[in-house]
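Everything on this sheet refers to the single structure shown next.
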Amino acid sequence: MKKNELSELLKKMSIKEKVGQLFQPIGFAMMDDPAITGPLLESFKMRQEDVNICGTVLGMAGAKNARKIQQDFIDQHPHKIPLIFMLDVINGFRTIYPIPLAQAASFSPELAEECARMAAREAAASGVHVTFSPMVDLVRDARWGRVMESTGEDVWLSSQFAAAVTKGYQGEDIAAADKLGACVKHFAGYGAPVAGRDYNTVQLTERTLREYYLPAYKAAIDAGAALVMTSFNTIDDIPATGNKKLMRDILREEMRFDGVLISDFNAIGELVNHGLAADLAEAARMACEAGVDIDMMSSAYINNLEKLIEDKVVDESLLDESVMRVLELKNKLGLFENPFKGADEKLESELILCDEHRALARQAAEKSFVLLKNEGQILPLSEDEKIAFVGPYVDNKNILGAWSIMGKAEDAISVQEAAERILSGWDISINQGSPLLDADVKLEGFRGHEDEVYEQAAIDKMLEEAVTAARTADKVVLFLGEHVLQSGEATSRGQLDLPHVQLELLQAVAEVNTNIVVVLFNGRPLDLRMVQAKSAAILEVWMPGVEGGTAIVNTLTGQNEPVGRLPMTFPYSVGQVPIHYDTYSTGRPHRPGQDKDRFVSKYLDIPNKPLYPFGFGLSYTRFEYSEVVLDTDVIAVGSTITAAVRVTNIGDTDGTTLMQLYIHDVAASVARPVKQLKDTQHVRLAKGETQEISFQITEEMLRFNTADGRFDSEAGQFEVYIGDSSETENVATFRLEK
């Protein structure tokens, strides 16, 4: 449709019909089954007449189902306006690739873009038009369960992934049959809840918000994200969904976002719980005035907005503004010309879990694994060794991640399945060793999940069998980790260690065999002190997706090299969190090795340093780095500096390292972080090979939010670090002259 045709359509609509375009019910409200639809509508205070004029629908997929719902809806709609089908497609549709935090560990936005493109193909063929992804909330607190859905703690890295994933979903034209509209979330600051507790308030200074938390949202918007989702939290003590400054001044005016703004689930209704609104009518007014276009599941708009406009409490122009944005999105998606878009049963069956998509999922998993420890080069495993595979994840297929809404555990390849196929002829024993969870832990999730309950006698027998196998093995590989429902939304944790029953298994095995490799399945950084102390090697595999088992076996045996690096700091203990590498020195910085100096910024009972820092990861070979060399020590606006190091593979095998460029502003109008990541390069070297690796430093890399509120650089001295983690001390200095 042309713009004038959309305007004419808007004029023909009644206020009630226009409000309907802003109403998003859950997809079950469209079902023919009155046993489901009736109670559902009643529980959410919806009416069937409202569902009949809604503009979008949440949580439905399947080409056949989507086509029927769309056709039936259009047939009865007074203006024949099609629906938009929206769904959480987070780390894949049915072919599930690694969780977003794991993807970030690849430090390869290009790979994440290809994974998003793959997910869009499957989802679009299944009738989906919009995905609630990417989640680009910056995270520094591992207690918050949704770190699994983020890309970590770094501003630059998160921004790179935000743009890449958005482009992957949308391509050049979101009207294309195999593309989705991307919805960047959650605006803003959702990843910084007080005490790491989900849905809690957020307390950020405006400088911190702008410097660290807003850039990734801006990167996704600049990449063309069609939608933005509001967050549940407060910003400056005002809930985001009713925050005019945040939504109209910052999002709309400063960031130039002109797409659709949608609330999170019942976020408009929650303005009442926050204490901002007295009732749902007032909540509807506040959200509308803040510019929220779609009310997801609160019914605040559909039950109150028409009367608010008739009573002149809300100006109808605000309603028209939002409705036009929704209509424009439908137009951009091509739904007026083809309301079924990419929904195609035949194509759906061909694409879902196809060989090409599985191969990409396997590659993404292999690139995400982080080798945290490899004492004595115990890895990779060798065929001439007797190996015991032990642990609750050895044959566990629940390795997709908590937000894999359409994923099915039976689609995943377990470690045992992969080992039986790939390692035929190897001397390998397999024992579960322990339950996944302690007996007193009960978990809740978005879908039913019943874990097997074990009697104590059965637990004792499992442990005994595992210890027996470990005693006679050359090496033991322990497959341990969080339950899939221990990370994700609403999974905040006060302690970050593994379940007791698994630590008891580790302890028992360590008493009979010290050649232990721990393979970790988890969705967040954990307290790994005991694991680190009792193992010779640690391989972090996150929640790796449907091809996880194959990728893990390939990596353990050296067919794949671990190239991942930590996108989020692993703390020494939970007492350090929130913790991140780009911290400040303070006026009394602690100097390593000077622990007897009491009056500095330090803990009395634990170190300041984390167990594993941001950017850390080992390879199956070793690398040596020369000092940083600059081609000039002065930079000006419009000029560049080339910073170079020589990297040598001094190990016994070919391998890949991730070179990381960090910059520190030595003296500025406000305190600056001790380091900030600005660029990375993967470098593959044959054994004995040396390469010179160079980075270009520009004046734009030196900009920040200055004391007087400008985003600019300031003249003075800078330090440039190049190394293999955020703890590198390989440094050179230069000056910016302005």
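Please note that chains go A, B, ... in the order of the structure tokens, that every chain numbers its residues from 1, and that ligands are numbered from 1 in the order shown.
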Select from region 334-382 of chain A every residue with an atom at most 8 Å from any atom of region 537-546 of chain A, then for each give the shortest pair of atoms and their distance in Å to one decimal, using only C-alpha atoms, rows by chain and rising number, as JSON lines.
```
{"residue": "A:Arg358", "atom": "CA", "partner": "A:Val546", "partner_atom": "CA", "distance": 7.5}
{"residue": "A:Ala361", "atom": "CA", "partner": "A:Gly545", "partner_atom": "CA", "distance": 7.0}
{"residue": "A:Arg362", "atom": "CA", "partner": "A:Val546", "partner_atom": "CA", "distance": 7.8}
{"residue": "A:Ala365", "atom": "CA", "partner": "A:Pro544", "partner_atom": "CA", "distance": 5.4}
{"residue": "A:Ser368", "atom": "CA", "partner": "A:Val541", "partner_atom": "CA", "distance": 7.0}
{"residue": "A:Phe369", "atom": "CA", "partner": "A:Val541", "partner_atom": "CA", "distance": 4.8}
{"residue": "A:Val370", "atom": "CA", "partner": "A:Glu540", "partner_atom": "CA", "distance": 5.0}
{"residue": "A:Leu371", "atom": "CA", "partner": "A:Leu539", "partner_atom": "CA", "distance": 4.6}
{"residue": "A:Leu372", "atom": "CA", "partner": "A:Ile538", "partner_atom": "CA", "distance": 5.3}
{"residue": "A:Lys373", "atom": "CA", "partner": "A:Ala537", "partner_atom": "CA", "distance": 4.6}
{"residue": "A:Asn374", "atom": "CA", "partner": "A:Ala537", "partner_atom": "CA", "distance": 4.3}
{"residue": "A:Glu375", "atom": "CA", "partner": "A:Ala537", "partner_atom": "CA", "distance": 6.0}
{"residue": "A:Ile378", "atom": "CA", "partner": "A:Ala537", "partner_atom": "CA", "distance": 6.8}
{"residue": "A:Leu379", "atom": "CA", "partner": "A:Ala537", "partner_atom": "CA", "distance": 7.3}
```
Region 11-15 of chain A environment, 7 Å, only C-alpha atoms, sequence neighbours closer than 4 positions dropped, as a list in words: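 The neighbour list is Ser7, Val19 and Glu306 of chain A.
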Report as a Markdown table: every residue of region 407-491 of chain A with an atom at most 10 Å from region 180-198 of chain A, its closest pair of atoms, and their distance in Å to one decimal, counting only C-alpha atoms, with rows sorted by chain and ascending residue number.
```
| residue | atom | partner | partner_atom | distance |
| --- | --- | --- | --- | --- |
| A:Gly488 | CA | A:Asp198 | CA | 9.8 |
| A:Glu489 | CA | A:Asp198 | CA | 7.3 |
| A:Ala490 | CA | A:Asp198 | CA | 5.7 |
| A:Thr491 | CA | A:Asp198 | CA | 7.4 |
```
Could the residues of region 112-163 of chain A that have an atom at most 10 Å from region 494-512 of chain A be listed as JSON lines, each with its closest atom pair and the distance in Å to one decimal, counting only C-alpha atoms and ordered by chain and ascending residue number?
```
{"residue": "A:Ala142", "atom": "CA", "partner": "A:Leu496", "partner_atom": "CA", "distance": 7.9}
{"residue": "A:Arg143", "atom": "CA", "partner": "A:Gly494", "partner_atom": "CA", "distance": 6.2}
{"residue": "A:Trp144", "atom": "CA", "partner": "A:Gly494", "partner_atom": "CA", "distance": 9.2}
```
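Within region 218-301 of chain A, residues classed as strand (DSSP E or B) by DSSP on backbone coordinates are Leu227, Val228, Met229, Thr230, Thr234, Ile235, Ile238, Pro239, Val260, Leu261, Ile262, Ile294, Asp295 and Met296 of chain A.
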Serialized selection, N, CA and C atoms, as a PDB file, in the first residue's frame:
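The result, stored in selection19.pdb:
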```
ATOM      1  N   LEU A 227      11.105  -3.068  15.267  1.00  0.00           N
ATOM      2  CA  LEU A 227      10.385  -2.857  16.523  1.00  0.00           C
ATOM      3  C   LEU A 227      11.363  -2.719  17.671  1.00  0.00           C
ATOM      4  N   VAL A 228      10.876  -2.092  18.740  1.00  0.00           N
ATOM      5  CA  VAL A 228      11.581  -2.042  20.018  1.00  0.00           C
ATOM      6  C   VAL A 228      10.581  -2.457  21.093  1.00  0.00           C
ATOM      7  N   MET A 229      11.043  -3.214  22.081  1.00  0.00           N
ATOM      8  CA  MET A 229      10.191  -3.633  23.196  1.00  0.00           C
ATOM      9  C   MET A 229      10.587  -2.889  24.460  1.00  0.00           C
ATOM     10  N   THR A 230       9.597  -2.435  25.204  1.00  0.00           N
ATOM     11  CA  THR A 230       9.867  -1.761  26.472  1.00  0.00           C
ATOM     12  C   THR A 230      10.306  -2.779  27.515  1.00  0.00           C
ATOM     13  N   THR A 234      12.371   0.127  36.101  1.00  0.00           N
ATOM     14  CA  THR A 234      12.357   1.583  36.179  1.00  0.00           C
ATOM     15  C   THR A 234      13.663   2.154  35.628  1.00  0.00           C
ATOM     16  N   ILE A 235      13.589   3.372  35.128  1.00  0.00           N
ATOM     17  CA  ILE A 235      14.758   4.187  34.794  1.00  0.00           C
ATOM     18  C   ILE A 235      14.524   5.554  35.434  1.00  0.00           C
ATOM     19  N   ILE A 238      11.192   5.817  37.162  1.00  0.00           N
ATOM     20  CA  ILE A 238       9.961   5.802  36.365  1.00  0.00           C
ATOM     21  C   ILE A 238       9.956   4.532  35.527  1.00  0.00           C
ATOM     22  N   PRO A 239       8.945   3.677  35.666  1.00  0.00           N
ATOM     23  CA  PRO A 239       8.898   2.461  34.854  1.00  0.00           C
ATOM     24  C   PRO A 239       9.032   2.782  33.366  1.00  0.00           C
ATOM     25  N   VAL A 260       7.775   0.473  15.391  1.00  0.00           N
ATOM     26  CA  VAL A 260       6.735   0.135  16.364  1.00  0.00           C
ATOM     27  C   VAL A 260       7.362  -0.127  17.730  1.00  0.00           C
ATOM     28  N   LEU A 261       6.776   0.479  18.759  1.00  0.00           N
ATOM     29  CA  LEU A 261       7.187   0.265  20.140  1.00  0.00           C
ATOM     30  C   LEU A 261       6.134  -0.615  20.811  1.00  0.00           C
ATOM     31  N   ILE A 262       6.547  -1.779  21.274  1.00  0.00           N
ATOM     32  CA  ILE A 262       5.635  -2.736  21.884  1.00  0.00           C
ATOM     33  C   ILE A 262       6.005  -2.931  23.348  1.00  0.00           C
ATOM     34  N   ILE A 294       1.898  -0.911  20.979  1.00  0.00           N
ATOM     35  CA  ILE A 294       1.183  -2.181  21.130  1.00  0.00           C
ATOM     36  C   ILE A 294       1.201  -2.598  22.590  1.00  0.00           C
ATOM     37  N   ASP A 295       0.040  -2.941  23.085  1.00  0.00           N
ATOM     38  CA  ASP A 295      -0.142  -3.420  24.461  1.00  0.00           C
ATOM     39  C   ASP A 295      -0.163  -4.943  24.425  1.00  0.00           C
ATOM     40  N   MET A 296       0.927  -5.542  24.877  1.00  0.00           N
ATOM     41  CA  MET A 296       1.011  -7.001  24.894  1.00  0.00           C
ATOM     42  C   MET A 296       0.365  -7.557  26.157  1.00  0.00           C
TER      43      MET A 296
END
```
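For region 152-165 of chain A, the list of residues within 7 Å, based on only C-alpha atoms and with local chain neighbours fewer than 3 positions off taken out, reads Leu101, Pro109, Glu110, Ala112, Glu113, Ala116, Pro134, Val136, Leu138, Val139, Arg140, Val147, Gly168, Tyr169, Tyr212, Pro215, Ala216, Ala219, Ala220, Ala223, Pro567, Met568, His580, Leu677 and Lys678 of chain A.
Among the candidate residues A:Asp75, A:Asp665, A:Glu465, A:Asp384, the one lying nearest to Phe734 (chain A) is A:Asp665, with distances computed using only C-alpha atoms.
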Atomic separation - CA of Val202 (chain A) relative to CA of Gly269 (chain A), Å: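 CA of Gly269 (chain A) sits 18.7 Å away from CA of Val202 (chain A).
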